[in-house]
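Coordinates as given in run-v8.cif (mmCIF, C-alpha atoms):
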data_run
#
loop_
_atom_site.label_atom_id
_atom_site.label_comp_id
_atom_site.auth_asym_id
_atom_site.auth_seq_id
_atom_site.Cartn_x
_atom_site.Cartn_y
_atom_site.Cartn_z
CA MET A 1 19.98 -14.43 -44.03
CA ASP A 2 16.61 -12.61 -44.25
CA ILE A 3 14.89 -15.71 -42.89
CA PHE A 4 17.15 -15.91 -39.83
CA ILE A 5 16.69 -12.22 -39.05
CA SER A 6 12.91 -12.54 -39.46
CA ILE A 7 12.76 -15.55 -37.15
CA GLY A 8 14.96 -13.81 -34.56
CA LEU A 9 12.87 -10.63 -34.59
CA GLY A 10 9.62 -12.60 -34.72
CA VAL A 11 10.58 -14.63 -31.63
CA ALA A 12 11.63 -11.47 -29.77
CA ILE A 13 8.32 -9.73 -30.54
CA ALA A 14 6.34 -12.86 -29.59
CA PHE A 15 8.28 -12.99 -26.29
CA ILE A 16 7.25 -9.42 -25.50
CA ILE A 17 3.60 -10.07 -26.39
CA VAL A 18 3.17 -13.19 -24.25
CA PHE A 19 5.07 -11.69 -21.32
CA ILE A 20 2.76 -8.66 -21.32
CA GLN A 21 -0.23 -11.03 -21.33
CA LYS A 22 1.32 -13.13 -18.54
CA SER A 23 1.90 -10.06 -16.37
CA SER A 24 -1.87 -9.64 -15.91
CA LEU A 25 -1.77 -12.74 -13.66
CA LYS A 26 0.39 -10.92 -11.13
CA SER A 27 -1.26 -8.12 -9.18
CA VAL A 28 0.56 -8.30 -5.84
CA VAL A 29 3.46 -5.84 -5.92
CA LYS A 30 5.25 -3.81 -3.29
CA GLN A 31 4.72 -0.06 -3.63
CA ARG A 32 7.87 1.75 -4.68
CA ALA A 33 6.96 5.18 -3.35
CA ALA A 34 4.32 7.11 -1.42
CA SER A 35 3.03 9.45 -4.15
CA CYS A 36 -0.63 8.96 -3.08
CA TYR A 37 0.23 10.38 0.33
CA ILE A 38 1.77 13.72 -0.68
CA LYS A 39 -0.18 16.52 0.98
CA ASP A 40 -1.95 18.63 -1.67
CA GLY A 41 -0.18 21.88 -2.42
CA SER A 42 2.74 21.11 -0.09
CA PHE A 43 5.43 20.83 -2.78
CA LYS A 44 7.40 24.10 -2.98
CA LEU A 45 10.75 24.74 -4.59
CA ASN A 46 12.86 27.40 -2.83
CA THR A 47 15.98 26.99 -4.94
CA SER A 48 16.16 26.16 -8.62
CA THR A 49 19.51 26.79 -10.31
CA ASP A 50 20.90 25.45 -13.58
CA VAL A 51 24.58 26.31 -14.06
CA PHE A 52 26.41 25.59 -17.31
CA LEU A 53 29.74 23.88 -16.61
CA TYR A 54 31.43 22.82 -19.85
CA LYS A 55 30.93 21.44 -23.33
CA LYS A 56 32.49 18.44 -25.11
CA THR A 57 32.27 17.49 -28.76
CA GLU A 58 32.99 14.01 -30.11
CA LYS A 59 33.16 13.07 -33.75
CA THR A 60 33.17 9.67 -35.42
CA GLU A 61 34.12 9.04 -38.99
CA LYS A 62 31.38 7.75 -41.27
CA GLU A 63 31.76 4.41 -43.04
CA LYS A 64 33.01 4.97 -46.55
CA LYS A 65 30.45 3.85 -49.16
CA GLU A 66 31.97 2.03 -52.09
CA MET B 1 50.91 32.44 5.01
CA SER B 2 47.56 32.44 3.22
CA ALA B 3 45.85 29.12 2.58
CA LEU B 4 45.59 27.89 -1.03
CA LEU B 5 42.03 27.71 -2.41
CA GLU B 6 41.41 24.50 -4.38
CA TYR B 7 38.60 23.83 -6.81
CA LYS B 8 37.72 20.31 -7.94
CA CYS B 9 36.95 19.59 -11.59
CA PRO B 10 33.25 18.61 -12.02
CA CYS B 11 34.29 16.36 -14.92
CA CYS B 12 37.18 14.27 -13.56
CA GLY B 13 37.68 15.44 -9.95
CA GLY B 14 41.20 16.81 -10.57
CA LYS B 15 42.43 20.14 -9.23
CA VAL B 16 41.51 22.99 -11.63
CA GLU B 17 43.76 26.01 -12.07
CA PHE B 18 43.29 29.52 -13.39
CA ASP B 19 44.47 29.74 -16.99
CA SER B 20 45.80 33.19 -17.67
CA GLY B 21 45.55 32.68 -21.44
CA THR B 22 41.82 32.05 -21.54
CA GLN B 23 41.08 33.88 -18.23
CA GLN B 24 39.06 30.83 -17.18
CA MET B 25 39.50 27.88 -14.84
CA LYS B 26 41.05 24.91 -16.63
CA CYS B 27 41.57 21.28 -15.60
CA PRO B 28 45.06 20.13 -16.58
CA TYR B 29 43.97 16.46 -16.50
CA CYS B 30 40.94 16.48 -18.81
CA ASP B 31 41.35 19.92 -20.47
CA SER B 32 37.81 21.02 -19.48
CA GLU B 33 37.31 24.76 -19.09
CA PHE B 34 34.87 26.57 -16.79
CA THR B 35 33.96 30.15 -16.06
CA ILE B 36 34.85 31.41 -12.57
CA GLU B 37 31.19 32.03 -11.79
CA ALA B 38 30.29 28.44 -12.71
CA MET B 39 33.06 27.07 -10.44
CA LYS B 40 31.93 29.24 -7.53
CA GLU B 41 28.29 28.14 -7.89
CA TYR B 42 29.32 24.49 -8.15
CA GLU B 43 31.53 24.66 -5.06
CA ALA B 44 28.92 26.63 -3.07
CA ALA B 45 26.27 24.02 -3.88
CA GLN B 46 28.55 21.20 -2.66
CA ALA B 47 29.68 23.05 0.48
CA GLY B 48 26.09 23.58 1.61
CA GLU B 49 25.12 19.93 1.21
CA GLN B 50 24.02 18.03 4.31
CA GLU B 51 23.43 14.39 5.01
CA SER B 52 19.85 13.14 5.14
CA SER B 53 18.12 13.04 8.51
CA MET B 54 14.86 11.13 8.75
CA ASN B 55 13.68 10.85 12.38
CA TRP B 56 10.24 10.25 13.83
CA ASP B 57 8.17 10.63 16.94
CA THR B 58 6.57 7.19 17.32
CA ASN B 59 4.29 7.69 20.34
CA ALA B 60 1.16 6.40 18.68
CA GLY B 61 -1.92 4.74 20.10
CA THR B 62 -3.45 5.21 23.52
CA GLU B 63 -4.35 3.03 26.47
CA TRP B 64 -7.64 1.19 26.70
CA SER B 65 -10.06 2.56 29.26
CA ASP B 66 -11.31 0.32 32.08
CA GLY B 67 -13.64 -2.41 30.93
CA GLU B 68 -13.29 -1.55 27.25
CA THR B 69 -11.58 -4.80 26.40
CA ALA B 70 -14.16 -6.94 28.16
CA GLY B 71 -15.53 -9.61 25.84
CA MET B 72 -12.56 -9.40 23.48
CA LYS B 73 -10.39 -12.48 23.17
CA VAL B 74 -7.12 -13.35 21.53
CA PHE B 75 -7.17 -16.41 19.27
CA LEU B 76 -3.96 -18.26 18.53
CA CYS B 77 -3.19 -20.38 15.48
CA GLN B 78 -0.95 -23.23 16.57
CA SER B 79 0.11 -23.87 13.00
CA CYS B 80 1.57 -20.50 11.94
CA GLY B 81 1.58 -18.62 15.27
CA GLY B 82 -0.80 -15.94 14.00
CA GLU B 83 -2.78 -14.08 16.64
CA ILE B 84 -6.11 -12.44 15.96
CA ILE B 85 -8.48 -10.50 18.17
CA ALA B 86 -12.21 -10.94 18.06
CA GLU B 87 -15.19 -10.61 20.26
CA GLU B 88 -15.84 -13.74 22.25
CA THR B 89 -19.12 -14.20 20.42
CA THR B 90 -17.60 -13.91 16.93
CA GLY B 91 -16.69 -17.57 17.07
CA ALA B 92 -13.41 -17.28 15.23
CA SER B 93 -12.68 -20.79 14.07
CA SER B 94 -9.91 -20.66 11.47
CA CYS B 95 -6.80 -18.63 10.89
CA PRO B 96 -7.09 -15.97 8.15
CA TYR B 97 -3.41 -16.45 7.28
CA CYS B 98 -3.11 -20.21 6.85
CA GLY B 99 -6.65 -21.62 7.20
CA ASN B 100 -5.86 -23.92 10.15
CA PRO B 101 -8.02 -24.00 13.28
CA VAL B 102 -7.43 -21.41 15.98
CA VAL B 103 -7.84 -21.75 19.73
CA MET B 104 -8.84 -19.07 22.18
CA LYS B 105 -5.68 -17.99 23.96
CA GLY B 106 -7.08 -15.65 26.55
CA SER B 107 -8.45 -12.23 27.22
CA PHE B 108 -7.18 -9.36 25.16
CA ASP B 109 -5.42 -6.65 27.14
CA GLY B 110 -2.13 -4.87 27.34
CA ASP B 111 -1.97 -3.87 23.68
CA LEU B 112 -2.23 -0.31 22.46
CA ARG B 113 -5.67 1.01 21.65
CA PRO B 114 -5.91 2.14 17.99
CA ASP B 115 -6.19 5.88 17.34
CA MET B 116 -8.49 5.60 14.32
CA VAL B 117 -10.29 3.02 12.18
CA ILE B 118 -11.75 2.99 8.67
CA PRO B 119 -14.91 0.89 9.05
CA PHE B 120 -15.79 -1.73 6.44
CA LYS B 121 -17.72 -0.14 3.55
CA LEU B 122 -18.09 -3.26 1.37
CA ASP B 123 -19.57 -6.59 2.38
CA LYS B 124 -18.63 -10.24 1.87
CA LYS B 125 -20.96 -10.57 -1.16
CA THR B 126 -19.04 -7.78 -2.94
CA ALA B 127 -15.76 -9.56 -2.19
CA VAL B 128 -16.99 -12.74 -3.90
CA GLU B 129 -18.26 -10.75 -6.93
CA LYS B 130 -14.92 -8.97 -7.21
CA LEU B 131 -13.13 -12.31 -7.22
CA SER B 132 -15.16 -13.40 -10.26
CA GLU B 133 -14.28 -10.17 -12.03
CA HIS B 134 -10.63 -10.65 -11.11
CA LEU B 135 -10.57 -14.02 -12.89
CA LYS B 136 -12.20 -12.74 -16.08
CA GLY B 137 -10.17 -12.08 -19.21
CA LYS B 138 -6.93 -13.42 -17.76
CA LYS B 139 -4.88 -15.08 -20.48
CA PHE B 140 -3.03 -18.25 -19.38
CA LEU B 141 -5.24 -18.75 -16.30
CA PRO B 142 -5.91 -22.52 -16.07
CA LYS B 143 -9.50 -23.21 -17.01
CA MET B 144 -9.85 -25.63 -14.09
CA PHE B 145 -8.97 -22.83 -11.65
CA LYS B 146 -11.89 -20.76 -12.93
CA ASP B 147 -14.28 -23.74 -13.06
CA GLN B 148 -13.37 -25.05 -9.64
CA ASN B 149 -13.55 -21.58 -8.21
CA HIS B 150 -14.44 -22.32 -4.60
CA ILE B 151 -13.36 -20.21 -1.73
CA ASP B 152 -12.18 -21.98 1.39
CA GLU B 153 -12.60 -19.00 3.64
CA ILE B 154 -13.55 -15.33 3.44
CA LYS B 155 -12.63 -13.20 6.42
CA GLY B 156 -13.15 -9.52 7.10
CA VAL B 157 -10.03 -8.48 8.96
CA TYR B 158 -9.08 -5.14 10.46
CA VAL B 159 -5.36 -4.97 9.70
CA PRO B 160 -3.15 -2.86 11.98
CA PHE B 161 -1.17 -0.12 10.25
CA TRP B 162 1.22 2.52 11.42
CA LEU B 163 0.48 5.80 9.60
CA PHE B 164 3.31 8.27 9.23
CA ASP B 165 2.98 12.05 8.71
CA ALA B 166 5.99 14.25 8.06
CA ASP B 167 7.21 17.52 6.58
CA SER B 168 10.39 17.09 4.58
CA ASP B 169 13.06 19.41 3.23
CA ALA B 170 15.12 18.16 0.33
CA ASP B 171 18.16 19.45 -1.49
CA VAL B 172 19.23 17.58 -4.62
CA ARG B 173 22.13 18.23 -6.96
CA TYR B 174 22.08 16.72 -10.45
CA GLU B 175 24.42 16.40 -13.37
CA ALA B 176 22.35 17.19 -16.48
CA VAL B 177 23.35 16.93 -20.12
CA LYS B 178 21.98 18.49 -23.30
CA GLU B 179 22.99 16.81 -26.56
CA ARG B 180 23.23 18.20 -30.02
CA ARG B 181 23.88 15.96 -33.00
CA TRP B 182 24.74 16.76 -36.58
CA GLU B 183 26.81 15.39 -39.42
CA ASP B 184 28.64 16.41 -42.50
CA ASN B 185 29.97 14.38 -45.43
CA ARG B 186 32.72 12.81 -43.42
CA TYR B 187 31.85 12.84 -39.71
CA ARG B 188 29.02 12.46 -37.21
CA TYR B 189 29.21 14.95 -34.32
CA VAL B 190 27.81 14.78 -30.79
CA GLU B 191 28.12 17.89 -28.65
CA LYS B 192 27.34 17.42 -24.94
CA SER B 193 26.75 20.42 -22.70
CA TYR B 194 27.08 19.64 -18.98
CA TYR B 195 25.11 21.49 -16.32
CA SER B 196 25.13 21.45 -12.53
CA VAL B 197 21.46 21.57 -11.52
CA ARG B 198 20.19 22.16 -8.01
CA ARG B 199 16.67 21.85 -6.68
CA ALA B 200 15.81 22.51 -3.03
CA GLY B 201 12.45 22.84 -1.37
CA LYS B 202 9.85 21.21 0.82
CA ILE B 203 7.15 18.60 0.51
CA ALA B 204 4.80 17.10 3.10
CA PHE B 205 3.41 13.59 3.50
CA GLU B 206 0.44 12.35 5.45
CA HIS B 207 -0.89 8.91 6.37
CA VAL B 208 1.88 6.87 4.76
CA PRO B 209 0.83 3.33 5.78
CA VAL B 210 3.11 0.52 6.92
CA ASP B 211 1.64 -2.88 7.78
CA GLY B 212 1.98 -3.54 11.53
CA SER B 213 1.43 -7.29 11.30
CA SER B 214 4.20 -9.70 10.38
CA LYS B 215 1.62 -12.35 9.45
CA MET B 216 -0.07 -10.20 6.79
CA GLU B 217 2.19 -10.19 3.74
CA ASP B 218 3.49 -6.63 3.32
CA ASP B 219 3.30 -6.73 -0.46
CA LEU B 220 -0.33 -7.96 -0.33
CA MET B 221 -1.31 -5.11 2.00
CA GLU B 222 0.57 -2.51 -0.07
CA SER B 223 -1.14 -3.82 -3.23
CA VAL B 224 -4.65 -2.99 -1.95
CA GLU B 225 -3.65 0.64 -1.31
CA PRO B 226 -4.57 3.42 -1.32
CA PHE B 227 -6.89 3.80 1.62
CA ASP B 228 -8.72 7.12 1.84
CA TYR B 229 -8.15 8.55 5.29
CA LYS B 230 -11.14 10.90 5.01
CA ASP B 231 -13.37 7.94 6.02
CA ALA B 232 -11.36 7.27 9.19
CA VAL B 233 -13.19 7.71 12.50
CA PRO B 234 -12.03 7.60 16.12
CA PHE B 235 -11.80 3.97 17.18
CA GLU B 236 -14.69 2.33 18.99
CA LYS B 237 -14.79 -1.34 19.95
CA ALA B 238 -18.19 -1.66 18.31
CA TYR B 239 -16.61 -1.52 14.85
CA LEU B 240 -14.95 -4.89 15.49
CA SER B 241 -18.26 -6.64 15.89
CA GLY B 242 -18.58 -9.36 13.22
CA TYR B 243 -15.01 -8.94 12.08
CA LEU B 244 -11.58 -10.05 13.17
CA ALA B 245 -8.81 -7.70 14.16
CA ASP B 246 -5.23 -8.60 13.44
CA ARG B 247 -2.93 -8.07 16.39
CA TYR B 248 0.04 -5.81 15.73
CA ASP B 249 3.43 -7.40 16.32
CA VAL B 250 5.63 -4.97 14.40
CA SER B 251 6.36 -1.82 16.37
CA ALA B 252 6.27 1.70 14.96
CA GLU B 253 10.07 1.91 15.34
CA GLU B 254 10.51 -1.21 13.20
CA SER B 255 8.12 0.18 10.57
CA ILE B 256 10.00 3.47 10.20
CA LYS B 257 12.52 2.01 7.77
CA ARG B 258 9.79 1.13 5.27
CA ALA B 259 8.10 4.55 5.65
CA ASN B 260 11.45 6.25 5.06
CA GLU B 261 12.09 4.17 1.92
CA ARG B 262 8.77 5.13 0.34
CA ILE B 263 8.99 8.80 1.33
CA GLU B 264 12.55 9.05 0.03
CA GLU B 265 11.51 7.60 -3.36
CA SER B 266 8.59 10.03 -3.65
CA VAL B 267 10.77 13.02 -2.77
CA LYS B 268 13.35 11.98 -5.38
CA ASP B 269 10.61 11.49 -8.01
CA LYS B 270 8.95 14.85 -7.33
CA PHE B 271 12.19 16.82 -7.42
CA ARG B 272 13.41 14.93 -10.49
CA GLU B 273 10.19 15.93 -12.33
CA SER B 274 11.16 19.58 -11.88
CA VAL B 275 14.37 19.12 -13.92
CA THR B 276 13.26 19.48 -17.52
CA GLY B 277 14.78 20.29 -20.89
CA TYR B 278 17.72 17.88 -20.68
CA ASP B 279 18.56 14.68 -22.52
CA SER B 280 19.93 12.96 -19.43
CA VAL B 281 19.80 13.73 -15.73
CA LYS B 282 21.66 11.98 -12.92
CA ALA B 283 21.26 12.78 -9.21
CA GLU B 284 24.69 13.26 -7.64
CA HIS B 285 23.81 14.17 -4.06
CA THR B 286 20.46 13.93 -2.27
CA SER B 287 19.78 15.29 1.20
CA ILE B 288 16.38 14.74 2.81
CA SER B 289 15.47 15.82 6.32
CA LEU B 290 12.18 15.17 8.09
CA HIS B 291 10.43 17.39 10.64
CA ASN B 292 7.31 16.92 12.70
CA GLY B 293 7.36 13.21 11.94
CA THR B 294 4.55 11.46 13.82
CA ALA B 295 3.04 7.98 13.78
CA LYS B 296 -0.57 6.91 14.34
CA TYR B 297 -1.88 3.42 15.05
CA VAL B 298 -4.95 2.62 12.94
CA LEU B 299 -7.01 -0.34 11.75
CA TYR B 300 -7.81 -0.62 8.03
CA PRO B 301 -10.45 -2.98 6.59
CA VAL B 302 -9.37 -5.82 4.31
CA TRP B 303 -11.32 -8.86 3.06
CA ILE B 304 -9.04 -11.91 2.90
CA LEU B 305 -10.04 -14.82 0.64
CA ASN B 306 -8.18 -18.12 0.62
CA THR B 307 -8.48 -20.83 -1.97
CA THR B 308 -6.54 -24.04 -2.57
CA TRP B 309 -5.84 -25.45 -6.03
CA ASN B 310 -3.40 -28.17 -7.05
CA ASN B 311 -2.20 -28.33 -3.43
CA GLN B 312 -1.15 -24.69 -3.57
CA LYS B 313 -2.71 -21.99 -1.45
CA TYR B 314 -3.79 -18.76 -3.13
CA THR B 315 -4.61 -15.66 -1.10
CA PHE B 316 -6.64 -12.76 -2.42
CA ALA B 317 -7.27 -9.47 -0.70
CA MET B 318 -9.86 -6.80 -1.26
CA ASN B 319 -9.66 -3.28 0.13
CA GLY B 320 -12.74 -3.15 2.39
CA GLN B 321 -13.17 0.56 1.68
CA THR B 322 -12.49 1.00 -2.06
CA GLY B 323 -13.01 -2.54 -3.41
CA LYS B 324 -9.56 -2.80 -5.01
CA PHE B 325 -8.98 -6.53 -5.52
CA VAL B 326 -5.57 -8.21 -5.79
CA GLY B 327 -4.12 -11.70 -5.77
CA ASN B 328 -1.57 -13.59 -7.87
CA LEU B 329 -2.99 -16.29 -10.14
CA PRO B 330 -1.48 -19.57 -11.39
CA LEU B 331 -0.02 -19.90 -14.89
CA ASP B 332 -1.12 -22.55 -17.41
CA LYS B 333 2.37 -23.33 -18.78
CA GLY B 334 1.03 -25.35 -21.71
CA ALA B 335 -1.18 -22.50 -22.88
CA PHE B 336 1.71 -20.05 -22.40
CA TRP B 337 4.18 -21.95 -24.59
CA ARG B 338 1.51 -22.71 -27.22
CA ALA B 339 0.70 -19.00 -27.50
CA PHE B 340 4.42 -18.17 -27.66
CA GLY B 341 4.86 -20.63 -30.53
CA ILE B 342 1.88 -19.28 -32.49
CA TRP B 343 2.90 -15.64 -32.01
CA SER B 344 6.50 -16.46 -33.01
CA VAL B 345 5.32 -17.90 -36.32
CA ILE B 346 2.93 -14.99 -37.02
CA CYS B 347 5.48 -12.28 -36.12
CA SER B 348 8.30 -13.97 -38.06
CA VAL B 349 6.13 -14.14 -41.20
CA ILE B 350 5.09 -10.48 -40.86
CA VAL B 351 8.69 -9.33 -40.32
CA TYR B 352 9.85 -11.40 -43.34
CA ILE B 353 7.17 -9.87 -45.58
CA ILE B 354 8.06 -6.35 -44.42
CA LYS B 355 11.78 -6.92 -44.86
CA VAL B 356 11.71 -8.64 -48.24
CA PHE B 357 8.83 -6.97 -50.01
CA LEU B 358 8.37 -3.54 -48.47
CA LEU B 359 11.85 -2.42 -47.40
CA LYS B 360 13.81 -3.44 -50.51
#
Written as structure tokens, that's how I'd like the structure from this file.
Amino acid sequence: MDIFISIGLGVAIAFIIVFIQKSSLKSVVKQRAASCYIKDGSFKLNTSTDVFLYKKTEKTEKEKKE
Amino acid sequence: MSALLEYKCPCCGGKVEFDSGTQQMKCPYCDSEFTIEAMKEYEAAQAGEQESSMNWDTNAGTEWSDGETAGMKVFLCQSCGGEIIAEETTGASSCPYCGNPVVMKGSFDGDLRPDMVIPFKLDKKTAVEKLSEHLKGKKFLPKMFKDQNHIDEIKGVYVPFWLFDADSDADVRYEAVKERRWEDNRYRYVEKSYYSVRRAGKIAFEHVPVDGSSKMEDDLMESVEPFDYKDAVPFEKAYLSGYLADRYDVSAEESIKRANERIEESVKDKFRESVTGYDSVKAEHTSISLHNGTAKYVLYPVWILNTTWNNQKYTFAMNGQTGKFVGNLPLDKGAFWRAFGIWSVICSVIVYIIKVFLLK
């Protein structure tokens, strides 16, 4: 069982490593936003309110240890 | 007869009622309880909400003065339909978009005159050097691509852009949650506290660029951003000398949609950054309105490099002002899968050692 888990995790980690390396081949991407074009000092908040509404508590029973 | 006042439950949307026992508002459907002040604030925030309004004044560009366009010609590519403008003496011979020959179509007139231009700051030699740097250190780049690195064509092109300036007001309401977790011998507990958060304010944008040419790939042009507008100068025909100018064929009105998309995302990001101290935040209603929206027609400098490899065309672009170099590269599939195999073996062995020897 340990061997299967190790292989599974090993393949998943290897997948992440090679996909990060592969991503360096792609440099043409559409810009998502226009953050470079925000006028300096123009951002001003007039209203900032945080109102508490309600609270909910959930509980789950722990597994019983033998 | 007086009208009944109804409040909607922020949790499930049901009608909440005043509970005389607890002296609070209570939802009979989900049993949530709220103070009266909280309900009033929540309802007031929703009542004041407006729909977004993002409108622009798109009267950009001016008319050419008499004789200014003399000597400028329009060249047409009969393969892809691309149209470029150049001085008659530039001797434009091939299309910067597809590499096929171009023919002189006629004199250039009737188009708008650009408002501003950022002149080329970097030369062709720099573009070639940047290409070499771009190819260095790239894993999975086929070796043959690097070795056979020949450029079919390098063209300095002034690309038409519409630049959008605007002041915006935004009003965003969020649902935010704080979590607290604990456990005892028998149970695990998760307590979630729900908040109605509101942020409203203003933010201004200037020179948001949208590519005005359908032939220049939008994602390629957006990838070489940003351009620094401080180097922009009033347009003079002399700047075109030795370079090509792409002809605009996308109007300012058609470009508005893209400008709105980018501005909206930036407004959402900036306002979202101001909501802190919560474990999760979800925007429930966003209202953005634009004022003083104006558009300018400008030319920005871009070096376009085309190369062909394995019968596939690869296009690279370099920002002619800042030197930012972009271009997608081919993948060596064999090298990719070999590396994946080797890493899989190494990582599996490491995980096995950690699991069997260190964790037990």
For this file, the PyMOL selection byres ((chain A and resi 28) around 7) selects which residues, as a list in words?
-> Lys26, Ser27, Val29 and Lys30 of chain A; Asp219, Leu220, Ser223, Val326, Gly327 and Asn328 of chain B
Selection file, C-alpha atoms, as a JSON list (two decimals), in the coordinates of the input:
[["chain", "number", "residue", "atom", "x", "y", "z"],
["A", 26, "LYS", "CA", 0.39, -10.92, -11.13],
["A", 27, "SER", "CA", -1.26, -8.12, -9.18],
["A", 29, "VAL", "CA", 3.46, -5.84, -5.92],
["A", 30, "LYS", "CA", 5.25, -3.81, -3.29],
["B", 219, "ASP", "CA", 3.30, -6.73, -0.46],
["B", 220, "LEU", "CA", -0.33, -7.96, -0.33],
["B", 223, "SER", "CA", -1.14, -3.82, -3.23],
["B", 326, "VAL", "CA", -5.57, -8.21, -5.79],
["B", 327, "GLY", "CA", -4.12, -11.70, -5.77],
["B", 328, "ASN", "CA", -1.57, -13.59, -7.87]]
Carefully work through the PyMOL selection byres ((chain B and resi 18) around 10) for this structure and note down the residues it includes, as a PyMOL selection string.
-> chain B and resi 7+16-17+19-27+33-36
Find the distance between CA of Glu191 in chain B and CA of Lys8 in chain B and write it in Å to one decimal.
->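 Result for CA of Glu191 in chain B versus CA of Lys8 in chain B: 23.0 Å, one decimal.
When CA of Asp111 in chain B is paired with CA of Val250 in chain B, their separation reads 12.0 Å.
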For chain B, list the residues within 6 Å of chain A, counting all atoms listed in the file, and write the list as a PyMOL selection string.
-> chain B and resi 34+186-206+208+219-220+222-223+262-263+265-266+326-329+340+343-344+347-348+351-352
For the selection just defined, write its residues with C-alpha atoms to a file, as a PDB file, in the frame of the given file.
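Full text of result-v8.pdb as output:
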ATOM      1  CA  PHE B  34      34.870  26.570 -16.790  1.00  0.00           C
ATOM      2  CA  ARG B 186      32.720  12.810 -43.420  1.00  0.00           C
ATOM      3  CA  TYR B 187      31.850  12.840 -39.710  1.00  0.00           C
ATOM      4  CA  ARG B 188      29.020  12.460 -37.210  1.00  0.00           C
ATOM      5  CA  TYR B 189      29.210  14.950 -34.320  1.00  0.00           C
ATOM      6  CA  VAL B 190      27.810  14.780 -30.790  1.00  0.00           C
ATOM      7  CA  GLU B 191      28.120  17.890 -28.650  1.00  0.00           C
ATOM      8  CA  LYS B 192      27.340  17.420 -24.940  1.00  0.00           C
ATOM      9  CA  SER B 193      26.750  20.420 -22.700  1.00  0.00           C
ATOM     10  CA  TYR B 194      27.080  19.640 -18.980  1.00  0.00           C
ATOM     11  CA  TYR B 195      25.110  21.490 -16.320  1.00  0.00           C
ATOM     12  CA  SER B 196      25.130  21.450 -12.530  1.00  0.00           C
ATOM     13  CA  VAL B 197      21.460  21.570 -11.520  1.00  0.00           C
ATOM     14  CA  ARG B 198      20.190  22.160  -8.010  1.00  0.00           C
ATOM     15  CA  ARG B 199      16.670  21.850  -6.680  1.00  0.00           C
ATOM     16  CA  ALA B 200      15.810  22.510  -3.030  1.00  0.00           C
ATOM     17  CA  GLY B 201      12.450  22.840  -1.370  1.00  0.00           C
ATOM     18  CA  LYS B 202       9.850  21.210   0.820  1.00  0.00           C
ATOM     19  CA  ILE B 203       7.150  18.600   0.510  1.00  0.00           C
ATOM     20  CA  ALA B 204       4.800  17.100   3.100  1.00  0.00           C
ATOM     21  CA  PHE B 205       3.410  13.590   3.500  1.00  0.00           C
ATOM     22  CA  GLU B 206       0.440  12.350   5.450  1.00  0.00           C
ATOM     23  CA  VAL B 208       1.880   6.870   4.760  1.00  0.00           C
ATOM     24  CA  ASP B 219       3.300  -6.730  -0.460  1.00  0.00           C
ATOM     25  CA  LEU B 220      -0.330  -7.960  -0.330  1.00  0.00           C
ATOM     26  CA  GLU B 222       0.570  -2.510  -0.070  1.00  0.00           C
ATOM     27  CA  SER B 223      -1.140  -3.820  -3.230  1.00  0.00           C
ATOM     28  CA  ARG B 262       8.770   5.130   0.340  1.00  0.00           C
ATOM     29  CA  ILE B 263       8.990   8.800   1.330  1.00  0.00           C
ATOM     30  CA  GLU B 265      11.510   7.600  -3.360  1.00  0.00           C
ATOM     31  CA  SER B 266       8.590  10.030  -3.650  1.00  0.00           C
ATOM     32  CA  VAL B 326      -5.570  -8.210  -5.790  1.00  0.00           C
ATOM     33  CA  GLY B 327      -4.120 -11.700  -5.770  1.00  0.00           C
ATOM     34  CA  ASN B 328      -1.570 -13.590  -7.870  1.00  0.00           C
ATOM     35  CA  LEU B 329      -2.990 -16.290 -10.140  1.00  0.00           C
ATOM     36  CA  PHE B 340       4.420 -18.170 -27.660  1.00  0.00           C
ATOM     37  CA  TRP B 343       2.900 -15.640 -32.010  1.00  0.00           C
ATOM     38  CA  SER B 344       6.500 -16.460 -33.010  1.00  0.00           C
ATOM     39  CA  CYS B 347       5.480 -12.280 -36.120  1.00  0.00           C
ATOM     40  CA  SER B 348       8.300 -13.970 -38.060  1.00  0.00           C
ATOM     41  CA  VAL B 351       8.690  -9.330 -40.320  1.00  0.00           C
ATOM     42  CA  TYR B 352       9.850 -11.400 -43.340  1.00  0.00           C
TER      43      TYR B 352
END
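What the PyMOL selection byres ((chain B and resi 125-140) around 8) matches in the given file is Gln21, Lys22, Ser24 and Leu25 of chain A; Leu122, Asp123, Lys124, Leu141, Pro142, Lys146, Trp303, Met318, Gly323, Phe325, Val326, Leu331, Asp332, Lys333, Ala335 and Phe336 of chain B.
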Please identify all polymer residues lying at most 8 Å from the point (-8.4, -21.4, 5.2) (file coordinates), using only C-alpha atoms, and present the result as a count of residues only.
-> 11
Length of the CA of Val210 in chain B to CA of Thr308 in chain B vector [Å] | 28.0 Å
Excluding same-chain residues fewer than 5 positions from Tyr243 in chain B, what lies within 8 Å of it counting only C-alpha atoms, as a VMD selection string?
-> chain B and resid 86 90 155 to 158
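Using only C-alpha atoms, the shortest contact distance between Met54 in chain B and any of B:Asp211, B:Glu273, B:Glu37, B:Glu264 is found at B:Glu264.
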